[in-house]
$ cat start_4.cif   # mmCIF, C-alpha atoms
data_target
#
loop_
_atom_site.label_atom_id
_atom_site.label_comp_id
_atom_site.auth_asym_id
_atom_site.auth_seq_id
_atom_site.Cartn_x
_atom_site.Cartn_y
_atom_site.Cartn_z
CA MET A 30 0.00 0.00 0.00
CA ALA A 31 2.70 2.32 -1.14
CA HIS A 32 0.28 4.90 -2.51
CA ASN A 33 -1.81 4.87 0.56
CA LYS A 34 -0.66 7.22 3.21
CA SER A 35 -0.93 6.32 6.73
CA VAL A 36 -3.20 8.16 9.02
CA GLU A 37 -0.21 9.68 10.76
CA GLU A 38 1.16 10.97 7.52
CA LEU A 39 -2.19 12.48 6.56
CA GLU A 40 -2.53 14.06 9.94
CA HIS A 41 0.95 15.43 9.57
CA GLU A 42 0.17 16.92 6.14
CA LEU A 43 -3.01 18.39 7.47
CA GLU A 44 -1.08 19.90 10.32
CA VAL A 45 1.47 21.39 7.88
CA SER A 46 -1.26 22.76 5.62
CA ARG A 47 -3.02 24.31 8.54
CA LYS A 48 0.22 25.90 9.67
CA GLU A 49 0.83 27.24 6.17
CA PHE A 50 -2.70 28.52 6.00
CA ASP A 51 -2.33 30.16 9.38
CA GLU A 52 0.91 31.79 8.25
CA PHE A 53 -0.73 32.96 5.05
CA MET A 54 -3.66 34.39 6.91
CA MET A 55 -1.34 36.08 9.38
CA GLU A 56 0.71 37.54 6.56
CA ALA A 57 -2.44 38.58 4.71
CA THR A 58 -3.83 40.35 7.72
CA LEU A 59 -0.56 42.12 8.41
CA SER A 60 -0.06 43.06 4.73
CA VAL A 61 -3.58 44.34 4.22
CA ALA A 62 -3.27 46.34 7.42
CA GLU A 63 0.02 47.76 6.20
CA PHE A 64 -1.29 48.52 2.71
CA PHE A 65 -4.27 50.22 4.25
CA ASP A 66 -1.95 52.31 6.38
CA VAL A 67 0.21 53.17 3.34
CA LEU A 68 -2.80 54.22 1.29
CA LYS A 69 -4.07 56.30 4.17
CA ARG A 70 -0.77 58.16 4.46
CA LEU A 71 -0.73 58.57 0.69
CA THR A 72 -4.11 60.28 0.67
CA GLN A 73 -2.74 62.60 3.33
CA GLY A 74 -0.09 63.67 0.88
CA ASP A 75 2.87 61.64 2.05
CA PHE A 76 4.61 60.45 -1.09
CA GLU A 77 7.63 59.13 0.81
CA VAL A 78 5.69 56.22 2.20
CA ARG A 79 6.48 52.75 0.81
CA ALA A 80 4.83 49.39 1.23
CA LYS A 81 7.11 46.49 2.16
CA GLU A 82 8.13 44.28 -0.72
CA ASN A 83 9.80 41.49 1.23
CA SER A 84 6.74 39.66 2.31
CA SER A 85 7.21 35.92 2.69
CA GLN A 86 4.18 35.46 0.48
CA GLU A 87 4.87 36.18 -3.17
CA LEU A 88 1.40 37.58 -3.77
CA PHE A 89 1.82 40.27 -1.14
CA ALA A 90 5.39 40.99 -2.16
CA ASN A 91 4.18 41.68 -5.73
CA PHE A 92 1.24 43.64 -4.44
CA GLY A 93 3.64 45.80 -2.43
CA LYS A 94 5.83 46.33 -5.51
CA VAL A 95 2.87 47.45 -7.62
CA ILE A 96 1.74 49.83 -4.90
CA ASN A 97 5.22 51.33 -4.63
CA GLU A 98 5.46 51.83 -8.39
CA THR A 99 2.08 53.56 -8.37
CA ILE A 100 3.19 55.79 -5.51
CA VAL A 101 6.35 56.79 -7.38
CA LYS A 102 4.40 57.60 -10.52
CA LEU A 103 1.77 59.50 -8.56
CA ALA A 104 4.44 61.49 -6.72
CA PHE A 105 6.09 62.46 -9.99
CA GLU A 106 2.85 63.61 -11.61
CA THR A 107 1.76 65.51 -8.54
CA ARG A 108 5.08 67.31 -8.42
CA GLN A 109 4.75 68.26 -12.07
CA LEU A 110 1.22 69.54 -11.50
CA GLU A 111 2.32 71.61 -8.54
CA GLU A 112 5.16 73.11 -10.49
CA ALA A 113 2.80 74.01 -13.31
CA ARG A 114 0.40 75.55 -10.87
CA SER A 115 3.01 77.65 -9.17
CA ARG A 116 4.29 78.74 -12.58
CA SER A 117 0.79 79.82 -13.62
CA GLU A 118 0.34 81.60 -10.29
CA VAL A 119 3.50 83.58 -10.89
CA HIS A 120 2.25 84.28 -14.40
CA ALA A 121 -1.11 85.47 -13.09
CA ARG A 122 0.60 87.77 -10.58
CA ASP A 123 2.74 89.22 -13.37
CA LEU A 124 -0.32 89.78 -15.52
CA GLU A 125 -2.14 91.49 -12.69
CA ALA A 126 0.80 93.78 -12.04
CA THR A 127 0.96 94.62 -15.74
CA LEU A 128 -2.75 95.33 -15.80
CA ARG A 129 -2.45 97.67 -12.83
CA LYS A 130 0.38 99.47 -14.54
CA VAL A 131 -1.60 99.83 -17.76
CA ARG A 132 -4.57 101.22 -15.84
CA ALA A 133 -2.40 103.76 -14.06
CA GLN A 134 -0.87 104.75 -17.36
CA GLN A 135 -4.31 105.12 -18.92
CA ASP A 136 -5.36 107.42 -16.10
CA ALA A 137 -2.20 109.44 -16.53
CA ILE A 138 -2.74 109.64 -20.27
CA ALA A 139 -6.34 110.72 -19.77
CA GLN A 140 -5.21 113.50 -17.46
CA LEU A 141 -2.38 114.58 -19.69
CA SER A 142 -4.23 114.25 -22.95
CA THR A 143 -6.92 116.85 -22.40
CA PRO A 144 -5.20 119.98 -21.21
CA ILE A 145 -7.23 123.14 -21.51
CA ILE A 146 -5.07 126.22 -21.71
CA GLN A 147 -6.25 129.74 -21.16
CA VAL A 148 -4.13 131.36 -23.84
CA TRP A 149 -5.57 134.82 -23.45
CA ASP A 150 -8.14 136.60 -21.37
CA ARG A 151 -11.42 134.81 -22.21
CA ILE A 152 -9.82 132.58 -24.82
CA LEU A 153 -9.39 128.87 -24.14
CA CYS A 154 -7.30 126.55 -26.25
CA LEU A 155 -7.89 122.82 -26.40
CA PRO A 156 -5.00 121.09 -28.14
CA ILE A 157 -5.98 117.55 -29.03
CA VAL A 158 -3.39 114.84 -29.52
CA GLY A 159 -3.95 111.24 -30.48
CA ILE A 160 -7.11 109.24 -30.81
CA VAL A 161 -10.44 110.60 -29.64
CA ASP A 162 -12.75 107.80 -28.52
CA SER A 163 -16.16 108.30 -26.98
CA LYS A 164 -14.88 108.02 -23.39
CA ARG A 165 -12.21 110.61 -23.95
CA ALA A 166 -14.61 112.83 -25.88
CA GLY A 167 -17.08 112.71 -23.01
CA GLU A 168 -14.42 113.65 -20.50
CA MET A 169 -13.18 116.39 -22.77
CA MET A 170 -16.65 117.86 -23.18
CA ASP A 171 -17.28 117.79 -19.44
CA THR A 172 -13.99 119.46 -18.59
CA LEU A 173 -14.32 122.03 -21.34
CA LEU A 174 -17.85 123.12 -20.41
CA ASN A 175 -16.88 123.52 -16.77
CA ARG A 176 -13.77 125.46 -17.65
CA ILE A 177 -15.80 127.75 -19.91
CA ILE A 178 -18.02 128.71 -16.99
CA GLU A 179 -15.10 129.03 -14.55
CA THR A 180 -13.06 131.29 -16.79
CA ASP A 181 -15.88 133.44 -18.23
CA CYS A 182 -14.65 132.37 -21.63
CA ARG A 183 -15.72 133.81 -24.96
CA PHE A 184 -13.74 131.86 -27.55
CA VAL A 185 -12.61 128.25 -27.68
CA ILE A 186 -9.93 127.17 -30.13
CA VAL A 187 -9.92 123.42 -30.73
CA ASP A 188 -6.52 122.64 -32.23
CA ILE A 189 -6.35 119.25 -33.93
CA THR A 190 -2.80 119.50 -35.28
CA GLY A 191 -1.94 116.39 -33.25
CA VAL A 192 -4.82 114.29 -34.54
CA ASP A 193 -3.79 111.70 -37.11
CA VAL A 194 -6.92 109.60 -37.36
CA PHE A 195 -10.16 111.31 -38.17
CA ASP A 196 -13.29 109.32 -38.93
CA THR A 197 -17.01 110.06 -38.86
CA GLN A 198 -17.19 109.18 -35.18
CA THR A 199 -14.35 111.51 -34.26
CA ALA A 200 -16.05 114.24 -36.28
CA ASP A 201 -19.30 113.55 -34.45
CA HIS A 202 -17.55 113.90 -31.07
CA PHE A 203 -16.06 117.23 -32.11
CA VAL A 204 -19.31 118.57 -33.52
CA LYS A 205 -21.18 117.58 -30.35
CA MET A 206 -18.59 119.15 -28.11
CA ILE A 207 -18.55 122.36 -30.10
CA ARG A 208 -22.36 122.55 -30.28
CA ALA A 209 -22.58 122.10 -26.51
CA ALA A 210 -19.97 124.80 -25.93
CA SER A 211 -21.85 127.08 -28.33
CA LEU A 212 -25.02 126.58 -26.32
CA LEU A 213 -23.21 127.98 -23.29
CA GLY A 214 -22.49 131.09 -25.29
CA VAL A 215 -18.94 130.72 -26.52
CA GLN A 216 -17.72 130.66 -30.08
CA CYS A 217 -15.64 127.70 -31.12
CA MET A 218 -13.30 127.17 -33.98
CA ILE A 219 -11.26 124.24 -35.20
CA THR A 220 -7.69 124.91 -36.24
CA GLY A 221 -4.83 122.87 -37.62
CA ILE A 222 -6.68 120.53 -39.95
CA LYS A 223 -3.88 118.76 -41.84
CA PRO A 224 -4.12 118.23 -45.61
CA GLN A 225 -4.61 114.50 -45.36
CA ILE A 226 -7.29 114.95 -42.70
CA ALA A 227 -9.08 117.52 -44.83
CA GLN A 228 -8.99 115.01 -47.67
CA THR A 229 -10.30 112.24 -45.46
CA MET A 230 -13.08 114.49 -44.23
CA THR A 231 -14.27 115.36 -47.73
CA THR A 232 -13.89 111.77 -48.90
CA ILE A 233 -15.96 110.25 -46.12
CA GLY A 234 -18.37 113.17 -46.19
CA VAL A 235 -17.87 114.59 -42.72
CA ASN A 236 -20.13 117.57 -42.15
CA LEU A 237 -18.79 120.00 -39.58
CA GLY A 238 -22.08 121.87 -39.69
CA GLY A 239 -20.88 125.39 -40.20
CA ILE A 240 -18.18 125.30 -37.53
CA VAL A 241 -15.50 127.89 -38.21
CA THR A 242 -12.22 126.31 -39.28
CA LEU A 243 -8.95 128.18 -39.52
CA ARG A 244 -5.50 127.29 -40.82
CA ASN A 245 -3.54 127.04 -37.61
CA LEU A 246 -3.54 127.96 -33.95
CA GLU A 247 -1.98 131.34 -34.77
CA ALA A 248 -4.82 132.24 -37.11
CA GLY A 249 -7.34 131.07 -34.56
CA LEU A 250 -5.80 133.12 -31.78
CA LEU A 251 -5.69 136.19 -34.00
CA ALA A 252 -9.35 135.78 -34.96
CA ALA A 253 -10.35 135.35 -31.33
CA ILE A 254 -8.36 138.37 -30.16
CA LYS A 255 -9.94 140.45 -32.90
CA GLY A 256 -13.31 138.99 -31.93
CA LEU A 257 -12.80 140.34 -28.42
CA GLY A 258 -12.50 143.80 -29.97
CA TYR A 259 -8.73 144.22 -29.80
CA ARG A 260 -6.83 145.76 -32.70
CA VAL A 261 -3.70 143.87 -33.63
CA ALA A 262 -1.01 146.13 -35.07
CA LYS A 263 2.76 146.10 -35.41
CA ASP A 264 4.82 148.93 -33.92
CA ALA A 265 6.10 151.32 -36.62
CA MET B 25 -52.99 117.07 -25.02
CA ARG B 26 -51.88 120.54 -24.20
CA ARG B 27 -54.86 122.45 -22.89
CA GLU B 28 -55.58 126.12 -23.17
CA LEU B 29 -54.87 128.10 -20.04
CA THR B 30 -57.73 129.74 -18.26
CA GLU B 31 -57.26 133.44 -17.69
CA SER B 32 -56.48 133.19 -13.97
CA GLU B 33 -53.96 130.35 -14.39
CA GLY B 34 -52.21 132.25 -17.13
CA GLU B 35 -51.89 135.32 -14.95
CA ALA B 36 -50.50 133.31 -12.06
CA TRP B 37 -47.97 131.49 -14.21
CA ARG B 38 -46.87 134.40 -16.28
CA ILE B 39 -43.13 134.94 -16.33
CA PRO B 40 -42.22 138.62 -15.88
CA ILE B 41 -40.54 140.42 -18.75
CA ILE B 42 -38.36 143.32 -17.70
CA ARG B 43 -37.51 146.10 -20.09
CA LEU B 44 -34.12 147.80 -19.73
CA ARG B 45 -33.62 150.52 -22.34
CA ASP B 46 -34.24 148.66 -25.57
CA VAL B 47 -33.51 145.19 -24.23
CA LEU B 48 -36.07 142.82 -22.75
CA ILE B 49 -34.82 140.64 -19.91
CA VAL B 50 -36.55 137.41 -18.94
CA SER B 51 -35.31 135.37 -16.02
CA ILE B 52 -36.70 131.84 -15.91
CA GLN B 53 -36.62 130.18 -12.50
CA GLY B 54 -36.93 126.43 -12.17
CA SER B 55 -38.09 124.10 -14.86
CA LEU B 56 -40.59 125.51 -17.30
CA GLN B 57 -44.02 123.95 -17.91
CA ASP B 58 -45.12 123.53 -21.52
CA THR B 59 -48.08 125.91 -21.19
CA GLN B 60 -45.90 128.45 -19.39
CA ALA B 61 -43.39 128.33 -22.22
CA GLN B 62 -46.05 128.85 -24.85
CA ARG B 63 -47.38 131.81 -22.89
CA LEU B 64 -43.88 133.24 -22.58
CA HIS B 65 -43.35 132.88 -26.32
CA GLU B 66 -46.49 134.89 -27.04
CA ASP B 67 -45.71 137.50 -24.38
CA ILE B 68 -42.19 138.11 -25.63
CA LEU B 69 -43.31 138.59 -29.22
CA ALA B 70 -46.05 140.95 -28.06
CA GLN B 71 -43.53 142.93 -26.00
CA ILE B 72 -41.09 143.15 -28.91
CA GLY B 73 -43.91 144.51 -31.02
CA ALA B 74 -44.98 146.96 -28.34
CA THR B 75 -41.57 148.25 -27.25
CA ASN B 76 -39.60 147.85 -30.45
CA ALA B 77 -36.86 146.19 -28.39
CA SER B 78 -33.65 145.40 -30.26
CA GLY B 79 -32.88 142.35 -28.16
CA VAL B 80 -34.29 139.82 -25.74
CA VAL B 81 -32.16 138.11 -23.11
CA LEU B 82 -33.47 134.84 -21.72
CA ASP B 83 -31.63 133.87 -18.55
CA ILE B 84 -31.94 130.13 -17.94
CA SER B 85 -29.13 129.78 -15.38
CA ALA B 86 -31.69 128.70 -12.77
CA VAL B 87 -33.22 126.04 -15.01
CA PRO B 88 -31.94 122.63 -13.88
CA ILE B 89 -33.43 120.44 -16.62
CA MET B 90 -34.93 121.03 -20.02
CA ASP B 91 -36.76 118.80 -22.48
CA SER B 92 -36.76 119.00 -26.25
CA TYR B 93 -40.12 120.76 -26.36
CA ILE B 94 -38.94 123.69 -24.23
CA ALA B 95 -35.71 123.81 -26.21
CA ARG B 96 -37.68 124.04 -29.43
CA ILE B 97 -39.80 126.85 -28.01
CA LEU B 98 -36.64 128.77 -27.10
CA ASN B 99 -35.43 128.29 -30.66
CA ASN B 100 -38.80 129.47 -32.00
CA ILE B 101 -38.65 132.57 -29.80
CA ALA B 102 -35.25 133.35 -31.28
CA ARG B 103 -36.44 132.68 -34.83
CA ASN B 104 -39.54 134.85 -34.48
CA ALA B 105 -37.63 137.63 -32.75
CA LYS B 106 -35.22 137.59 -35.67
CA LEU B 107 -38.12 137.85 -38.11
CA MET B 108 -39.33 140.88 -36.19
CA GLY B 109 -35.93 142.54 -36.50
CA SER B 110 -34.85 141.77 -32.95
CA ARG B 111 -32.46 139.20 -31.45
CA ALA B 112 -32.92 136.69 -28.68
CA VAL B 113 -29.96 135.58 -26.62
CA VAL B 114 -30.14 132.63 -24.24
CA VAL B 115 -27.71 132.94 -21.33
CA GLY B 116 -26.46 130.79 -18.49
CA MET B 117 -27.23 127.34 -19.84
CA GLN B 118 -25.98 124.63 -17.47
CA PRO B 119 -23.36 122.26 -18.94
CA ALA B 120 -25.60 119.28 -18.21
CA ILE B 121 -28.42 120.80 -20.27
CA ALA B 122 -26.06 121.62 -23.12
CA ILE B 123 -24.76 118.05 -23.18
CA THR B 124 -28.29 116.64 -23.07
CA LEU B 125 -29.55 118.82 -25.91
CA VAL B 126 -26.55 118.02 -28.07
CA THR B 127 -26.82 114.31 -27.33
CA MET B 128 -30.48 114.42 -28.33
CA GLY B 129 -29.24 115.77 -31.64
CA LEU B 130 -31.19 119.02 -31.53
CA GLU B 131 -30.02 121.86 -33.72
CA PHE B 132 -30.37 125.48 -32.74
CA GLU B 133 -29.28 127.44 -35.74
CA ASP B 134 -31.35 130.51 -34.81
CA LEU B 135 -30.42 130.59 -31.16
CA GLU B 136 -27.80 133.05 -29.98
CA THR B 137 -26.15 132.20 -26.68
CA ALA B 138 -23.95 133.98 -24.16
CA LEU B 139 -22.25 132.93 -20.97
CA ASN B 140 -24.09 135.36 -18.71
CA LEU B 141 -26.35 138.39 -18.69
CA GLU B 142 -23.48 140.85 -18.84
CA ARG B 143 -21.98 139.16 -21.91
CA ALA B 144 -25.37 139.03 -23.56
CA ILE B 145 -25.87 142.79 -23.17
CA GLU B 146 -22.35 143.32 -24.56
CA GLN B 147 -23.08 141.01 -27.44
CA LEU B 148 -26.32 142.80 -28.27
CA GLY B 149 -24.52 146.13 -28.16
CA SER B 150 -21.87 145.10 -30.66
CA ASP B 151 -22.29 143.57 -34.05
CA HIS B 152 -18.75 142.29 -34.34
CA GLY B 153 -19.45 139.70 -31.69
CA ARG B 154 -19.90 136.90 -34.18
CA LEU B 155 -17.11 135.53 -36.29
#
$ encode --input "start_4.cif" --output "structure tokens"
Amino acid sequence: MAHNKSVEELEHELEVSRKEFDEFMMEATLSVAEFFDVLKRLTQGDFEVRAKENSSQELFANFGKVINETIVKLAFETRQLEEARSRSEVHARDLEATLRKVRAQQDAIAQLSTPIIQVWDRILCLPIVGIVDSKRAGEMMDTLLNRIIETDCRFVIVDITGVDVFDTQTADHFVKMIRAASLLGVQCMITGIKPQIAQTMTTIGVNLGGIVTLRNLEAGLLAAIKGLGYRVAKDA
Amino acid sequence: MRRELTESEGEAWRIPIIRLRDVLIVSIQGSLQDTQAQRLHEDILAQIGATNASGVVLDISAVPIMDSYIARILNNIARNAKLMGSRAVVVGMQPAIAITLVTMGLEFEDLETALNLERAIEQLGSDHGRL
């Protein structure tokens, strides 16, 4: 009965199997507990944590290896993401600073770009430089009308020597501003219309509606001074 | 609908017209009602006819707001005064009113304007006031 095992042998094998099973279960419990702990620390942001790879059971040793590889990969990607985020934060801060600077410059330009000069008693001069958009035109009109009342003004010379772009909208802003000033009781004139602007105006059909236009600021000033009743004469 | 004024209402609402030499001076206080404006229009023309005044000064410095109807009546006063050989000058318009009228796109080709009463009298006295 060579192939028949004795009862003692069977009992012995059973004992061994049970021991192995017990060991396996022990290892499994310990490993699962450890993996659980590792995963918990991982979710808390600890990428240094590693599962043990030297388990006596091959299954858990491999499991530990896979977990460790995943952790390494995850750590790498997280680091990259964080770097990208901090880069974009720096970028956003730069953009914000630039925006603030641009706004400050715009304010400064707005203040500088609409000077109103009292060139003579009761004569105001409004030299206009650059592009006149509706916001600027509104501010200009407001400031001009208030200055007219403050200074008891009689003539306003709008000098557009510094204006390079003149379209129907710009013309409309000027006409409105001059009409409003006229309603307050001052006379307005436009001076310094450059040849190419005159051409543009006739080409696009801008109608200045009977507003007096003169060659340059000098001519405008002379007309205004004469309009105030002064005689302009050269000595001898 | 604009209704006709009864006699007593018209008297109470009438805006005084002051004559100084050959200039008529009208000072409008507060915002003008439509019927009041019509009445003023008629009164001014009647006064020009009666006194042969060479100019009318309408002071609107105390008028805070103005609608297009009143603005048109002012323009009509000026136009009719011109037809009668006189001139009407509107003085003291507030910047806000000027901006509103211009934004509404109203044109006042017959309306003469001056900054204040003093300037208006000067302007009426001299013909070289306009360019």
$ residues_near_point --input "start_4.cif" --point "(-30.5, 137.4, -26.5)" --cutoff "9 Å" --atoms "only C-alpha atoms" --output "MDAnalysis selection string"
chainID B and resid 47:49 79:83 102 110:115 135:138 141 144:145 147:148
$ closest_residue --input "start_4.cif" --among "B:Ile94, B:Ile84, B:Asn140, B:Thr127" --to "Ser51 in chain B" --atoms "all atoms listed in the file"
B:Ile84
$ residues_around --input "start_4.cif" --residues "range 136-144 of chain A" --least-positions-apart "2" --cutoff "7 Å" --atoms "all atoms listed in the file" --output "PyMOL selection string"
chain A and resi 132-134+146+155+157-158+169
$ interface_residues --input "start_4.cif" --of "chain B" --to "chain A" --cutoff "6 Å" --atoms "all atoms listed in the file" --output "list in words"
Met117, Pro119, Ala122, Ile123, Val126, Thr137, Ala138 and Leu139 of chain B
$ write_last_selection --input "start_4.cif" --atoms "C-alpha atoms" --output "tab-separated table (two decimals), in the frame of the given file"
chain	number	residue	atom	x	y	z
B	117	MET	CA	-27.23	127.34	-19.84
B	119	PRO	CA	-23.36	122.26	-18.94
B	122	ALA	CA	-26.06	121.62	-23.12
B	123	ILE	CA	-24.76	118.05	-23.18
B	126	VAL	CA	-26.55	118.02	-28.07
B	137	THR	CA	-26.15	132.20	-26.68
B	138	ALA	CA	-23.95	133.98	-24.16
B	139	LEU	CA	-22.25	132.93	-20.97
$ residues_near_point --input "start_4.cif" --point "(-45.6, 124.8, -23.5)" --cutoff "10 Å" --atoms "only C-alpha atoms" --output "list in words"
Arg26, Arg27, Leu56, Gln57, Asp58, Thr59, Gln60, Ala61, Gln62, Arg63, Leu64, His65, Tyr93, Ile94, Arg96 and Ile97 of chain B
$ atom_distance --input "start_4.cif" --atom1 "CA of Ser115 in chain A" --atom2 "CA of Gln73 in chain A"
20.4 Å
$ atom_distance --input "start_4.cif" --atom1 "CA of Arg244 in chain A" --atom2 "CA of Val148 in chain A"
17.5 Å
$ closest_residue --input "start_4.cif" --among "A:Val119, A:Ala262, A:Ala104, A:Val61" --to "Ala90 in chain A" --atoms "all atoms listed in the file"
A:Val61
$ atom_distance --input "start_4.cif" --atom1 "CA of Thr58 in chain A" --atom2 "CA of Val78 in chain A"
19.3 Å
$ residues_around --input "start_4.cif" --residues "Glu63 in chain A" --least-positions-apart "2" --cutoff "12 Å" --atoms "all atoms listed in the file" --output "PDB file with C-alpha atoms, in the frame of the given file"
ATOM      1  CA  GLU A  56       0.710  37.540   6.560  1.00  0.00           C
ATOM      2  CA  ALA A  57      -2.440  38.580   4.710  1.00  0.00           C
ATOM      3  CA  THR A  58      -3.830  40.350   7.720  1.00  0.00           C
ATOM      4  CA  LEU A  59      -0.560  42.120   8.410  1.00  0.00           C
ATOM      5  CA  SER A  60      -0.060  43.060   4.730  1.00  0.00           C
ATOM      6  CA  VAL A  61      -3.580  44.340   4.220  1.00  0.00           C
ATOM      7  CA  PHE A  65      -4.270  50.220   4.250  1.00  0.00           C
ATOM      8  CA  ASP A  66      -1.950  52.310   6.380  1.00  0.00           C
ATOM      9  CA  VAL A  67       0.210  53.170   3.340  1.00  0.00           C
ATOM     10  CA  LEU A  68      -2.800  54.220   1.290  1.00  0.00           C
ATOM     11  CA  LYS A  69      -4.070  56.300   4.170  1.00  0.00           C
ATOM     12  CA  ARG A  70      -0.770  58.160   4.460  1.00  0.00           C
ATOM     13  CA  VAL A  78       5.690  56.220   2.200  1.00  0.00           C
ATOM     14  CA  ARG A  79       6.480  52.750   0.810  1.00  0.00           C
ATOM     15  CA  ALA A  80       4.830  49.390   1.230  1.00  0.00           C
ATOM     16  CA  LYS A  81       7.110  46.490   2.160  1.00  0.00           C
ATOM     17  CA  GLU A  82       8.130  44.280  -0.720  1.00  0.00           C
ATOM     18  CA  SER A  84       6.740  39.660   2.310  1.00  0.00           C
ATOM     19  CA  PHE A  89       1.820  40.270  -1.140  1.00  0.00           C
ATOM     20  CA  PHE A  92       1.240  43.640  -4.440  1.00  0.00           C
ATOM     21  CA  GLY A  93       3.640  45.800  -2.430  1.00  0.00           C
ATOM     22  CA  ILE A  96       1.740  49.830  -4.900  1.00  0.00           C
TER      23      ILE A  96
END
$ resolve_selection --input "start_4.cif" --expression "the PyMOL selection byres ((chain A and resi 221-229) around 10)" --output "ChimeraX atom specification"
/A:156,187-197,219-220,230-235,242-249
$ residues_around --input "start_4.cif" --residues "Val87 in chain B" --least-positions-apart "3" --cutoff "7 Å" --atoms "only C-alpha atoms" --output "ChimeraX atom specification"
/B:52-55,84
$ closest_residue --input "start_4.cif" --among "B:Val50, B:Met90, B:Ala70, B:Leu130" --to "Met108 in chain B" --atoms "only C-alpha atoms"
B:Ala70
$ build_atoms --input "start_4.cif" --residues "range 85-103 of chain B" --atoms "N, CA and C atoms" --output "PDB file, keeping the file's coordinate frame"
ATOM      1  N   SER B  85     -30.155 130.348 -16.291  1.00  0.00           N
ATOM      2  CA  SER B  85     -29.130 129.780 -15.380  1.00  0.00           C
ATOM      3  C   SER B  85     -29.762 129.054 -14.197  1.00  0.00           C
ATOM      4  N   ALA B  86     -31.043 129.374 -13.899  1.00  0.00           N
ATOM      5  CA  ALA B  86     -31.690 128.700 -12.770  1.00  0.00           C
ATOM      6  C   ALA B  86     -32.600 127.569 -13.242  1.00  0.00           C
ATOM      7  N   VAL B  87     -32.412 127.156 -14.496  1.00  0.00           N
ATOM      8  CA  VAL B  87     -33.220 126.040 -15.010  1.00  0.00           C
ATOM      9  C   VAL B  87     -32.385 124.767 -14.930  1.00  0.00           C
ATOM     10  N   PRO B  88     -32.768 123.818 -14.068  1.00  0.00           N
ATOM     11  CA  PRO B  88     -31.940 122.630 -13.880  1.00  0.00           C
ATOM     12  C   PRO B  88     -32.062 121.598 -14.997  1.00  0.00           C
ATOM     13  N   ILE B  89     -33.265 121.414 -15.533  1.00  0.00           N
ATOM     14  CA  ILE B  89     -33.430 120.440 -16.620  1.00  0.00           C
ATOM     15  C   ILE B  89     -34.316 121.035 -17.713  1.00  0.00           C
ATOM     16  N   MET B  90     -34.158 120.500 -18.915  1.00  0.00           N
ATOM     17  CA  MET B  90     -34.930 121.030 -20.020  1.00  0.00           C
ATOM     18  C   MET B  90     -35.219 119.914 -21.010  1.00  0.00           C
ATOM     19  N   ASP B  91     -36.454 119.831 -21.479  1.00  0.00           N
ATOM     20  CA  ASP B  91     -36.760 118.800 -22.480  1.00  0.00           C
ATOM     21  C   ASP B  91     -36.729 119.407 -23.878  1.00  0.00           C
ATOM     22  N   SER B  92     -36.916 118.547 -24.863  1.00  0.00           N
ATOM     23  CA  SER B  92     -36.760 119.000 -26.250  1.00  0.00           C
ATOM     24  C   SER B  92     -37.857 120.000 -26.631  1.00  0.00           C
ATOM     25  N   TYR B  93     -39.026 119.848 -26.009  1.00  0.00           N
ATOM     26  CA  TYR B  93     -40.120 120.760 -26.360  1.00  0.00           C
ATOM     27  C   TYR B  93     -39.773 122.195 -25.948  1.00  0.00           C
ATOM     28  N   ILE B  94     -39.311 122.356 -24.721  1.00  0.00           N
ATOM     29  CA  ILE B  94     -38.940 123.690 -24.230  1.00  0.00           C
ATOM     30  C   ILE B  94     -37.786 124.244 -25.068  1.00  0.00           C
ATOM     31  N   ALA B  95     -36.848 123.360 -25.397  1.00  0.00           N
ATOM     32  CA  ALA B  95     -35.710 123.810 -26.210  1.00  0.00           C
ATOM     33  C   ALA B  95     -36.193 124.319 -27.556  1.00  0.00           C
ATOM     34  N   ARG B  96     -37.165 123.611 -28.131  1.00  0.00           N
ATOM     35  CA  ARG B  96     -37.680 124.040 -29.430  1.00  0.00           C
ATOM     36  C   ARG B  96     -38.399 125.382 -29.303  1.00  0.00           C
ATOM     37  N   ILE B  97     -39.110 125.572 -28.197  1.00  0.00           N
ATOM     38  CA  ILE B  97     -39.800 126.850 -28.010  1.00  0.00           C
ATOM     39  C   ILE B  97     -38.781 127.987 -27.903  1.00  0.00           C
ATOM     40  N   LEU B  98     -37.678 127.731 -27.184  1.00  0.00           N
ATOM     41  CA  LEU B  98     -36.640 128.770 -27.100  1.00  0.00           C
ATOM     42  C   LEU B  98     -36.114 129.111 -28.497  1.00  0.00           C
ATOM     43  N   ASN B  99     -35.907 128.065 -29.302  1.00  0.00           N
ATOM     44  CA  ASN B  99     -35.430 128.290 -30.660  1.00  0.00           C
ATOM     45  C   ASN B  99     -36.458 129.072 -31.472  1.00  0.00           C
ATOM     46  N   ASN B 100     -37.742 128.753 -31.279  1.00  0.00           N
ATOM     47  CA  ASN B 100     -38.800 129.470 -32.000  1.00  0.00           C
ATOM     48  C   ASN B 100     -38.869 130.929 -31.578  1.00  0.00           C
ATOM     49  N   ILE B 101     -38.671 131.176 -30.275  1.00  0.00           N
ATOM     50  CA  ILE B 101     -38.650 132.570 -29.800  1.00  0.00           C
ATOM     51  C   ILE B 101     -37.564 133.324 -30.542  1.00  0.00           C
ATOM     52  N   ALA B 102     -36.379 132.691 -30.617  1.00  0.00           N
ATOM     53  CA  ALA B 102     -35.250 133.350 -31.280  1.00  0.00           C
ATOM     54  C   ALA B 102     -35.558 133.585 -32.760  1.00  0.00           C
ATOM     55  N   ARG B 103     -36.145 132.565 -33.399  1.00  0.00           N
ATOM     56  CA  ARG B 103     -36.440 132.680 -34.830  1.00  0.00           C
ATOM     57  C   ARG B 103     -37.440 133.799 -35.087  1.00  0.00           C
TER      58      ARG B 103
END
